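Listing of protein.cif; format and content: mmCIF, C-alpha atoms (C1' of nucleotides).
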```
data_query
loop_
_atom_site.label_atom_id
_atom_site.label_comp_id
_atom_site.auth_asym_id
_atom_site.auth_seq_id
_atom_site.Cartn_x
_atom_site.Cartn_y
_atom_site.Cartn_z
CA MET A 1 -2.63 27.15 -10.94
CA PRO A 2 -2.02 26.46 -7.30
CA ASP A 3 -4.26 29.24 -6.07
CA THR A 4 -7.50 27.65 -7.11
CA PHE A 5 -8.95 24.38 -5.98
CA LEU A 6 -10.34 23.01 -9.15
CA ASP A 7 -10.41 24.57 -12.50
CA GLU A 8 -14.01 23.81 -13.16
CA THR A 9 -13.90 24.74 -16.79
CA LYS A 10 -10.94 23.02 -18.35
CA PRO A 11 -11.03 19.27 -18.82
CA ALA A 12 -13.81 18.06 -21.04
CA ASN A 13 -13.56 14.57 -19.66
CA ARG A 14 -14.64 13.88 -16.10
CA PHE A 15 -11.84 11.40 -15.58
CA ALA A 16 -9.27 13.88 -16.81
CA ARG A 17 -10.69 16.35 -14.37
CA ALA A 18 -10.45 13.92 -11.47
CA ARG A 19 -6.84 13.24 -12.43
CA GLU A 20 -6.05 16.92 -12.30
CA ALA A 21 -7.68 17.32 -8.93
CA GLN A 22 -5.58 14.45 -7.70
CA SER A 23 -2.36 16.06 -8.79
CA ALA A 24 -3.22 19.19 -6.81
CA ALA A 25 -4.20 17.21 -3.74
CA LEU A 26 -0.76 16.51 -2.36
CA LEU A 27 0.32 20.11 -2.70
CA GLU A 28 -2.80 21.16 -0.87
CA ASP A 29 -2.25 18.73 1.96
CA TYR A 30 1.37 19.70 2.39
CA ALA A 31 0.59 23.38 2.37
CA GLU A 32 -2.08 22.91 5.00
CA MET A 33 0.12 20.77 7.17
CA ILE A 34 3.06 23.13 7.02
CA GLY A 35 0.71 25.91 8.01
CA ASP A 36 -0.46 23.85 10.96
CA LEU A 37 3.07 23.08 12.08
CA ILE A 38 4.18 26.67 11.90
CA GLU A 39 1.22 27.68 13.96
CA GLU A 40 1.76 24.96 16.54
CA LEU A 41 5.52 24.83 16.75
CA GLY A 42 6.68 28.07 15.24
CA GLU A 43 8.29 26.27 12.32
CA ALA A 44 7.82 23.26 10.08
CA ARG A 45 10.63 20.73 10.01
CA VAL A 46 10.91 18.02 7.41
CA ALA A 47 10.89 15.36 10.11
CA ASP A 48 7.56 16.55 11.48
CA ILE A 49 6.03 16.78 8.05
CA ALA A 50 7.15 13.25 7.23
CA LYS A 51 5.71 11.94 10.47
CA ARG A 52 2.32 13.55 10.01
CA MET A 53 2.03 12.54 6.40
CA GLY A 54 2.96 8.98 7.28
CA VAL A 55 5.81 9.08 4.83
CA SER A 56 9.60 8.67 4.93
CA GLN A 57 11.81 11.69 5.46
CA PRO A 58 13.26 11.67 1.92
CA THR A 59 9.77 11.55 0.49
CA ALA A 60 8.82 14.58 2.53
CA THR A 61 11.95 16.37 1.36
CA LYS A 62 11.05 15.63 -2.23
CA SER A 63 7.54 16.95 -1.81
CA VAL A 64 8.81 20.11 -0.17
CA ALA A 65 11.03 20.56 -3.20
CA ARG A 66 7.95 20.39 -5.37
CA LEU A 67 6.18 22.94 -3.19
CA LYS A 68 9.14 25.25 -3.62
CA ARG A 69 9.15 24.71 -7.36
CA GLU A 70 5.48 25.63 -7.43
CA GLY A 71 6.12 28.80 -5.48
CA LEU A 72 4.19 27.71 -2.41
CA ALA A 73 7.05 27.37 0.05
CA THR A 74 10.59 28.48 0.75
CA SER A 75 13.42 26.94 2.71
CA ARG A 76 17.16 26.87 3.12
CA PRO A 77 19.13 23.65 3.56
CA TYR A 78 18.88 22.17 7.06
CA ARG A 79 16.42 24.85 8.03
CA GLY A 80 12.67 24.94 8.53
CA ILE A 81 10.14 25.28 5.74
CA PHE A 82 7.98 28.37 5.35
CA LEU A 83 5.01 29.17 3.20
CA THR A 84 4.95 31.94 0.67
CA GLU A 85 2.01 34.27 0.59
CA GLU A 86 0.46 32.06 -2.02
CA GLY A 87 1.15 28.98 0.06
CA THR A 88 -0.42 30.55 3.10
CA ALA A 89 -3.51 31.49 1.15
CA LEU A 90 -3.79 27.96 -0.17
CA ALA A 91 -3.34 26.47 3.29
CA THR A 92 -6.06 28.68 4.67
CA ARG A 93 -8.53 27.73 2.01
CA VAL A 94 -7.71 24.06 2.24
CA ARG A 95 -8.18 24.08 5.98
CA ALA A 96 -11.54 25.79 5.69
CA ARG A 97 -12.69 23.40 3.03
CA HIS A 98 -11.58 20.41 5.03
CA ARG A 99 -13.52 21.62 8.02
CA THR A 100 -16.60 22.22 5.93
CA VAL A 101 -16.52 18.74 4.45
CA VAL A 102 -16.02 17.11 7.85
CA GLU A 103 -18.80 19.10 9.44
CA PHE A 104 -21.08 18.42 6.54
CA LEU A 105 -20.55 14.68 6.80
CA ILE A 106 -21.13 14.77 10.53
CA LYS A 107 -24.31 16.70 10.01
CA MET A 108 -25.46 14.05 7.58
CA GLY A 109 -24.99 11.44 10.27
CA VAL A 110 -21.51 10.10 9.60
CA PRO A 111 -19.56 9.33 12.79
CA LYS A 112 -16.89 11.89 13.56
CA ASP A 113 -13.85 9.67 13.08
CA ILE A 114 -15.11 8.27 9.80
CA ALA A 115 -16.04 11.74 8.62
CA GLU A 116 -12.48 12.79 9.26
CA LEU A 117 -11.04 9.89 7.28
CA ASP A 118 -13.41 10.20 4.34
CA ALA A 119 -13.02 13.96 4.16
CA GLU A 120 -9.32 13.59 3.51
CA GLY A 121 -10.02 11.95 0.19
CA ILE A 122 -13.24 13.72 -0.69
CA GLU A 123 -12.24 17.33 -0.10
CA HIS A 124 -9.93 17.55 -3.07
CA HIS A 125 -12.74 16.72 -5.46
CA VAL A 126 -15.37 19.08 -4.20
CA SER A 127 -16.04 21.94 -6.58
CA GLN A 128 -16.82 25.43 -5.37
CA VAL A 129 -20.48 24.98 -6.17
CA THR A 130 -20.72 21.81 -4.14
CA LEU A 131 -18.69 23.30 -1.33
CA THR A 132 -21.13 26.17 -1.12
CA VAL A 133 -23.98 23.70 -0.87
CA PHE A 134 -22.16 21.94 1.95
CA GLU A 135 -21.55 25.22 3.73
CA LYS A 136 -25.22 26.03 3.59
CA VAL A 137 -26.11 22.68 5.10
CA VAL A 138 -23.58 23.13 7.89
CA ALA A 139 -24.76 26.63 8.64
CA ASP A 140 -28.40 25.63 8.64
CA ASP A 141 -29.16 24.67 12.23
CA LYS A 142 -32.57 23.22 11.58
CA GLY A 143 -31.02 21.03 8.90
CA ASP A 144 -31.99 17.88 10.75
CA MET B 1 -8.01 -6.43 -2.57
CA PRO B 2 -10.01 -5.41 -5.58
CA ASP B 3 -13.25 -6.77 -4.24
CA THR B 4 -13.69 -4.21 -1.53
CA PHE B 5 -13.95 -0.48 -1.92
CA LEU B 6 -11.90 0.72 0.95
CA ASP B 7 -10.24 -1.26 3.63
CA GLU B 8 -11.54 0.81 6.45
CA THR B 9 -9.33 -0.71 9.08
CA LYS B 10 -5.79 -0.71 7.78
CA PRO B 11 -3.90 2.56 7.48
CA ALA B 12 -3.43 4.40 10.72
CA ASN B 13 -2.72 7.62 8.92
CA ARG B 14 -5.54 9.34 7.08
CA PHE B 15 -3.23 10.45 4.30
CA ALA B 16 -1.96 6.94 3.83
CA ARG B 17 -5.53 5.79 3.61
CA ALA B 18 -6.38 8.38 0.98
CA ARG B 19 -3.34 7.25 -1.01
CA GLU B 20 -4.55 3.67 -0.94
CA ALA B 21 -8.01 4.64 -2.07
CA GLN B 22 -6.43 6.47 -4.96
CA SER B 23 -4.56 3.44 -6.15
CA ALA B 24 -7.79 1.46 -6.30
CA ALA B 25 -9.63 4.24 -8.09
CA LEU B 26 -8.32 3.67 -11.58
CA LEU B 27 -9.03 -0.02 -11.48
CA GLU B 28 -12.55 0.72 -10.36
CA ASP B 29 -13.14 3.21 -13.12
CA TYR B 30 -11.79 0.93 -15.80
CA ALA B 31 -13.81 -2.01 -14.59
CA GLU B 32 -16.97 0.06 -14.60
CA MET B 33 -16.30 1.48 -18.01
CA ILE B 34 -15.52 -1.87 -19.57
CA GLY B 35 -18.76 -3.15 -18.12
CA ASP B 36 -20.60 -0.25 -19.68
CA LEU B 37 -19.02 -0.80 -23.07
CA ILE B 38 -19.80 -4.49 -23.09
CA GLU B 39 -23.37 -3.74 -22.25
CA GLU B 40 -23.68 -1.03 -24.89
CA LEU B 41 -21.62 -2.44 -27.71
CA GLY B 42 -21.29 -6.11 -26.91
CA GLU B 43 -17.57 -5.78 -26.35
CA ALA B 44 -14.98 -3.37 -25.02
CA ARG B 45 -12.21 -2.31 -27.37
CA VAL B 46 -9.08 -0.54 -26.27
CA ALA B 47 -9.83 2.37 -28.57
CA ASP B 48 -13.22 2.97 -26.96
CA ILE B 49 -11.80 2.72 -23.48
CA ALA B 50 -9.08 5.21 -24.33
CA LYS B 51 -11.58 7.62 -25.77
CA ARG B 52 -13.90 7.51 -22.80
CA MET B 53 -11.11 7.81 -20.28
CA GLY B 54 -9.67 10.76 -22.16
CA VAL B 55 -6.37 8.97 -22.48
CA SER B 56 -4.11 7.78 -25.29
CA GLN B 57 -4.50 4.31 -26.64
CA PRO B 58 -1.21 2.97 -25.26
CA THR B 59 -2.17 4.24 -21.83
CA ALA B 60 -5.43 2.36 -22.04
CA THR B 61 -3.59 -0.77 -23.14
CA LYS B 62 -1.30 -0.46 -20.16
CA SER B 63 -4.15 -0.08 -17.74
CA VAL B 64 -5.93 -3.06 -19.22
CA ALA B 65 -2.74 -5.02 -18.64
CA ARG B 66 -2.92 -4.02 -15.01
CA LEU B 67 -6.56 -5.09 -14.81
CA LYS B 68 -5.56 -8.47 -16.19
CA ARG B 69 -2.73 -8.76 -13.71
CA GLU B 70 -5.19 -8.08 -10.92
CA GLY B 71 -7.53 -10.74 -12.17
CA LEU B 72 -10.31 -8.35 -13.11
CA ALA B 73 -10.23 -8.72 -16.87
CA THR B 74 -9.15 -11.03 -19.67
CA SER B 75 -8.23 -10.43 -23.30
CA ARG B 76 -6.32 -11.83 -26.23
CA PRO B 77 -4.12 -9.68 -28.45
CA TYR B 78 -6.03 -7.59 -30.96
CA ARG B 79 -9.29 -8.74 -29.44
CA GLY B 80 -11.84 -7.18 -27.09
CA ILE B 81 -11.50 -7.01 -23.33
CA PHE B 82 -13.81 -8.90 -21.01
CA LEU B 83 -14.37 -8.80 -17.29
CA THR B 84 -13.84 -11.76 -15.02
CA GLU B 85 -16.48 -12.61 -12.49
CA GLU B 86 -14.59 -10.53 -9.98
CA GLY B 87 -14.30 -7.67 -12.43
CA THR B 88 -18.00 -7.78 -13.13
CA ALA B 89 -18.82 -7.72 -9.45
CA LEU B 90 -16.52 -4.74 -8.96
CA ALA B 91 -18.04 -2.92 -11.90
CA THR B 92 -21.52 -3.47 -10.55
CA ARG B 93 -20.66 -2.14 -7.13
CA VAL B 94 -18.77 0.84 -8.52
CA ARG B 95 -21.66 1.75 -10.76
CA ALA B 96 -24.12 1.59 -7.89
CA ARG B 97 -21.90 3.68 -5.69
CA HIS B 98 -21.37 6.25 -8.40
CA ARG B 99 -25.09 6.58 -8.88
CA THR B 100 -25.65 6.96 -5.17
CA VAL B 101 -23.09 9.72 -4.86
CA VAL B 102 -24.48 11.60 -7.85
CA GLU B 103 -28.04 11.32 -6.63
CA PHE B 104 -27.03 12.32 -3.17
CA LEU B 105 -25.32 15.47 -4.42
CA ILE B 106 -28.29 16.35 -6.57
CA LYS B 107 -30.58 15.89 -3.63
CA MET B 108 -28.40 18.26 -1.66
CA GLY B 109 -28.93 20.87 -4.33
CA VAL B 110 -25.87 20.46 -6.56
CA PRO B 111 -26.66 20.92 -10.27
CA LYS B 112 -26.75 17.66 -12.17
CA ASP B 113 -23.73 18.24 -14.39
CA ILE B 114 -21.56 19.39 -11.51
CA ALA B 115 -22.74 16.49 -9.39
CA GLU B 116 -21.59 14.17 -12.13
CA LEU B 117 -18.15 15.76 -12.30
CA ASP B 118 -17.59 15.92 -8.57
CA ALA B 119 -18.85 12.40 -8.00
CA GLU B 120 -16.11 11.03 -10.21
CA GLY B 121 -13.48 12.13 -7.74
CA ILE B 122 -15.48 11.77 -4.55
CA GLU B 123 -16.84 8.28 -4.97
CA HIS B 124 -13.54 6.53 -4.49
CA HIS B 125 -13.12 8.02 -1.06
CA VAL B 126 -16.53 7.28 0.37
CA SER B 127 -16.48 4.57 3.03
CA GLN B 128 -19.25 2.05 3.39
CA VAL B 129 -20.61 3.87 6.41
CA THR B 130 -20.80 7.17 4.58
CA LEU B 131 -22.24 5.51 1.51
CA THR B 132 -25.01 4.06 3.61
CA VAL B 133 -25.77 7.49 4.97
CA PHE B 134 -25.93 8.81 1.40
CA GLU B 135 -28.23 5.98 0.39
CA LYS B 136 -30.59 6.80 3.18
CA VAL B 137 -30.73 10.43 2.15
CA VAL B 138 -31.41 9.48 -1.45
CA ALA B 139 -34.11 7.01 -0.49
CA ASP B 140 -35.77 9.42 1.89
CA ASP B 141 -38.28 11.26 -0.24
CA LYS B 142 -39.24 13.81 2.36
CA GLY B 143 -35.53 14.60 2.72
CA ASP B 144 -36.06 18.12 1.54
"C1'" DT C 1 36.42 23.24 21.52
"C1'" DC C 2 35.24 19.19 19.47
"C1'" DC C 3 32.58 15.29 19.03
"C1'" DC C 4 28.34 13.00 18.53
"C1'" DA C 5 23.52 12.56 17.96
"C1'" DT C 6 19.99 14.03 15.23
"C1'" DA C 7 18.16 16.06 11.20
"C1'" DA C 8 18.34 16.92 6.35
"C1'" DA C 9 20.00 16.03 1.84
"C1'" DT C 10 21.48 12.98 -1.74
"C1'" DA C 11 21.86 8.84 -4.44
"C1'" DG C 12 19.60 5.39 -6.51
"C1'" DC C 13 15.82 2.38 -7.12
"C1'" DC C 14 10.68 1.06 -7.93
"C1'" DT C 15 5.75 1.49 -9.67
"C1'" DT C 16 2.07 3.95 -11.68
"C1'" DG C 17 0.12 6.43 -15.11
"C1'" DG C 18 0.84 9.66 -18.61
"C1'" DC C 19 2.87 10.52 -23.52
"C1'" DT C 20 4.74 9.82 -28.81
"C1'" DA C 21 6.51 7.17 -32.35
"C1'" DT C 22 6.70 2.94 -34.46
"C1'" DA C 23 5.68 -1.86 -35.55
"C1'" DC C 24 2.49 -5.25 -36.18
"C1'" DT C 25 -2.42 -7.63 -37.02
"C1'" DA C 26 -7.06 -8.01 -38.75
"C1'" DT C 27 -10.43 -6.82 -41.58
"C1'" DT C 28 -12.67 -4.99 -45.21
"C1'" DG C 29 -13.09 -3.19 -50.04
"C1'" DG C 30 -11.71 -3.41 -54.54
"C1'" DC D 1 -7.07 -12.45 -52.64
"C1'" DC D 2 -4.41 -8.74 -51.45
"C1'" DA D 3 -3.60 -4.08 -50.12
"C1'" DA D 4 -4.85 -0.20 -47.50
"C1'" DT D 5 -6.71 1.23 -43.23
"C1'" DA D 6 -7.98 0.91 -38.75
"C1'" DG D 7 -6.97 -0.97 -34.43
"C1'" DT D 8 -3.40 -2.89 -31.04
"C1'" DA D 9 0.86 -3.65 -29.20
"C1'" DT D 10 5.55 -2.36 -28.16
"C1'" DA D 11 9.44 0.59 -27.27
"C1'" DG D 12 11.05 4.16 -24.91
"C1'" DC D 13 10.48 8.45 -22.67
"C1'" DC D 14 8.81 11.52 -18.54
"C1'" DA D 15 7.14 13.11 -13.80
"C1'" DA D 16 5.28 12.02 -9.40
"C1'" DG D 17 5.47 9.86 -5.29
"C1'" DG D 18 6.99 6.06 -2.74
"C1'" DC D 19 11.21 3.56 -0.57
"C1'" DT D 20 16.22 2.37 1.67
"C1'" DA D 21 20.91 3.36 2.34
"C1'" DT D 22 24.30 6.76 2.77
"C1'" DT D 23 26.42 11.27 3.25
"C1'" DT D 24 26.57 15.73 5.10
"C1'" DA D 25 25.17 19.66 8.38
"C1'" DT D 26 23.80 21.46 12.72
"C1'" DG D 27 23.84 22.28 17.31
"C1'" DG D 28 24.34 20.77 22.12
"C1'" DG D 29 27.00 18.69 25.85
"C1'" DA D 30 31.26 17.02 27.81
#
```

Using the file provided, produce a representation of the structure as structure tokens.
Amino acid sequence: MPDTFLDETKPANRFARAREAQSAALLEDYAEMIGDLIEELGEARVADIAKRMGVSQPTATKSVARLKREGLATSRPYRGIFLTEEGTALATRVRARHRTVVEFLIKMGVPKDIAELDAEGIEHHVSQVTLTVFEKVVADDKGD
Amino acid sequence: MPDTFLDETKPANRFARAREAQSAALLEDYAEMIGDLIEELGEARVADIAKRMGVSQPTATKSVARLKREGLATSRPYRGIFLTEEGTALATRVRARHRTVVEFLIKMGVPKDIAELDAEGIEHHVSQVTLTVFEKVVADDKGD
DNA sequence: TCCCATAAATAGCCTTGGCTATACTATTGG
DNA sequence: CCAATAGTATAGCCAAGGCTATTTATGGGA
């Protein structure tokens, strides 16, 4: 189910749930990044994706293949990568969530650069309920 | 480096850093759980570990093998698993961090059960700086 | 036009962390 | 004291996500 962040009902075991979240994480990051690249450069090339992810070009190619398999992206050989409607929706939500987590951490007193680093790992494990709590804190100007 | 949570200096790329944190996560969880089992039952058996992790018995065996390789645990065939000094130290720190993250989330207004679920994924990605911030929030009784 | 540099794909390998099925110990009950 | 059962280990499989080395396309410049 790539169009939801975390299925908050399914896995009985909290570890199982964390494992599931992890498996969705890469897809989410790729979708977001491809969205960014398209916006910035007009298209997403494998080389750029690889560079931003800090990964080799074949690894990026493989991940794009998985995105395509999951219906999140499309591409033709030696051409740029594009997001499907579903992929775009995912990218949008992931970007918003990322921003919320970063801003929340900053608001709590975490330095900006560290907030950015920590958010990358944290965001994929934040349920909708918790995200809403974070949003409220961020929105609340008299929060501290 | 199993005796530190996150090497906060190394990976230039935030994705690379998140990947590293992930690889440490399982070890951390196993160490903590084995510690719990020893405390509760006097020893940790593979079957109990598997059950709590929501994983098959051979998978648990394999992970225990990895723990042994990393110098965090010891065991003899068909016997219980025990933590080395290093493993015990790790377990202690992981447990404390887990508690901090859960309590922090609760303090922010996240329901207890959801806090517990989310913490499982989040905790492995919280840097020392952020953890300290969380601790302060938890300790601060007039926090909200 | 054609050739070459660059970009992408492919092949092939590794580790981790899952699984099932099967073989082997240990222990406990008759 | 020995057999059945419960608990572990082993074998062998799979997918994901890394990598390097190599092949194949593409597109621009001479």

*Evaluating the PyMOL selection byres ((chain D) within 8 of (chain B)) on the displayed file yields which residues, as number ranges by chain?*
D: 7-9

*Would you give me, as a ChimeraX atom specification, the residues of chain A that come within 10 Å of chain B, using all atoms listed in the file?*
/A:8,11-22,26,29,51-55,105-106,108-111,114-134,136-137,143-144

Would you put the residues from that selection into a file with C-alpha atoms, as a PDB file, in the frame of the given file?
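Contents of the output file part.pdb:
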```
ATOM      1  CA  GLU A   8     -14.010  23.810 -13.160  1.00  0.00           C
ATOM      2  CA  PRO A  11     -11.030  19.270 -18.820  1.00  0.00           C
ATOM      3  CA  ALA A  12     -13.810  18.060 -21.040  1.00  0.00           C
ATOM      4  CA  ASN A  13     -13.560  14.570 -19.660  1.00  0.00           C
ATOM      5  CA  ARG A  14     -14.640  13.880 -16.100  1.00  0.00           C
ATOM      6  CA  PHE A  15     -11.840  11.400 -15.580  1.00  0.00           C
ATOM      7  CA  ALA A  16      -9.270  13.880 -16.810  1.00  0.00           C
ATOM      8  CA  ARG A  17     -10.690  16.350 -14.370  1.00  0.00           C
ATOM      9  CA  ALA A  18     -10.450  13.920 -11.470  1.00  0.00           C
ATOM     10  CA  ARG A  19      -6.840  13.240 -12.430  1.00  0.00           C
ATOM     11  CA  GLU A  20      -6.050  16.920 -12.300  1.00  0.00           C
ATOM     12  CA  ALA A  21      -7.680  17.320  -8.930  1.00  0.00           C
ATOM     13  CA  GLN A  22      -5.580  14.450  -7.700  1.00  0.00           C
ATOM     14  CA  LEU A  26      -0.760  16.510  -2.360  1.00  0.00           C
ATOM     15  CA  ASP A  29      -2.250  18.730   1.960  1.00  0.00           C
ATOM     16  CA  LYS A  51       5.710  11.940  10.470  1.00  0.00           C
ATOM     17  CA  ARG A  52       2.320  13.550  10.010  1.00  0.00           C
ATOM     18  CA  MET A  53       2.030  12.540   6.400  1.00  0.00           C
ATOM     19  CA  GLY A  54       2.960   8.980   7.280  1.00  0.00           C
ATOM     20  CA  VAL A  55       5.810   9.080   4.830  1.00  0.00           C
ATOM     21  CA  LEU A 105     -20.550  14.680   6.800  1.00  0.00           C
ATOM     22  CA  ILE A 106     -21.130  14.770  10.530  1.00  0.00           C
ATOM     23  CA  MET A 108     -25.460  14.050   7.580  1.00  0.00           C
ATOM     24  CA  GLY A 109     -24.990  11.440  10.270  1.00  0.00           C
ATOM     25  CA  VAL A 110     -21.510  10.100   9.600  1.00  0.00           C
ATOM     26  CA  PRO A 111     -19.560   9.330  12.790  1.00  0.00           C
ATOM     27  CA  ILE A 114     -15.110   8.270   9.800  1.00  0.00           C
ATOM     28  CA  ALA A 115     -16.040  11.740   8.620  1.00  0.00           C
ATOM     29  CA  GLU A 116     -12.480  12.790   9.260  1.00  0.00           C
ATOM     30  CA  LEU A 117     -11.040   9.890   7.280  1.00  0.00           C
ATOM     31  CA  ASP A 118     -13.410  10.200   4.340  1.00  0.00           C
ATOM     32  CA  ALA A 119     -13.020  13.960   4.160  1.00  0.00           C
ATOM     33  CA  GLU A 120      -9.320  13.590   3.510  1.00  0.00           C
ATOM     34  CA  GLY A 121     -10.020  11.950   0.190  1.00  0.00           C
ATOM     35  CA  ILE A 122     -13.240  13.720  -0.690  1.00  0.00           C
ATOM     36  CA  GLU A 123     -12.240  17.330  -0.100  1.00  0.00           C
ATOM     37  CA  HIS A 124      -9.930  17.550  -3.070  1.00  0.00           C
ATOM     38  CA  HIS A 125     -12.740  16.720  -5.460  1.00  0.00           C
ATOM     39  CA  VAL A 126     -15.370  19.080  -4.200  1.00  0.00           C
ATOM     40  CA  SER A 127     -16.040  21.940  -6.580  1.00  0.00           C
ATOM     41  CA  GLN A 128     -16.820  25.430  -5.370  1.00  0.00           C
ATOM     42  CA  VAL A 129     -20.480  24.980  -6.170  1.00  0.00           C
ATOM     43  CA  THR A 130     -20.720  21.810  -4.140  1.00  0.00           C
ATOM     44  CA  LEU A 131     -18.690  23.300  -1.330  1.00  0.00           C
ATOM     45  CA  THR A 132     -21.130  26.170  -1.120  1.00  0.00           C
ATOM     46  CA  VAL A 133     -23.980  23.700  -0.870  1.00  0.00           C
ATOM     47  CA  PHE A 134     -22.160  21.940   1.950  1.00  0.00           C
ATOM     48  CA  LYS A 136     -25.220  26.030   3.590  1.00  0.00           C
ATOM     49  CA  VAL A 137     -26.110  22.680   5.100  1.00  0.00           C
ATOM     50  CA  GLY A 143     -31.020  21.030   8.900  1.00  0.00           C
ATOM     51  CA  ASP A 144     -31.990  17.880  10.750  1.00  0.00           C
TER      52      ASP A 144
END
```

Kindly compute an axis-aligned box around the listed atoms of region 18-28 of chain C, allowing 3 Å on each side, and express its centre and edge lengths in Å to one decimal as AutoDock Vina command-line options.
```
--center_x -3.0 --center_y 1.3 --center_z -31.9 --size_x 25.4 --size_y 24.5 --size_z 32.6
```

*Give as a PyMOL selection string every residue of chain C that touches chain B within 8 Å, counting only C-alpha atoms (C1' of nucleotides).*
chain C and resi 17-19+25-26

*Within 12 Å of DA30 (chain D), counting all atoms listed in the file, which residues qualify if same-chain residues fewer than 2 places away don't, as a PyMOL selection string?*
(chain C and resi 1-4) or (chain D and resi 28)
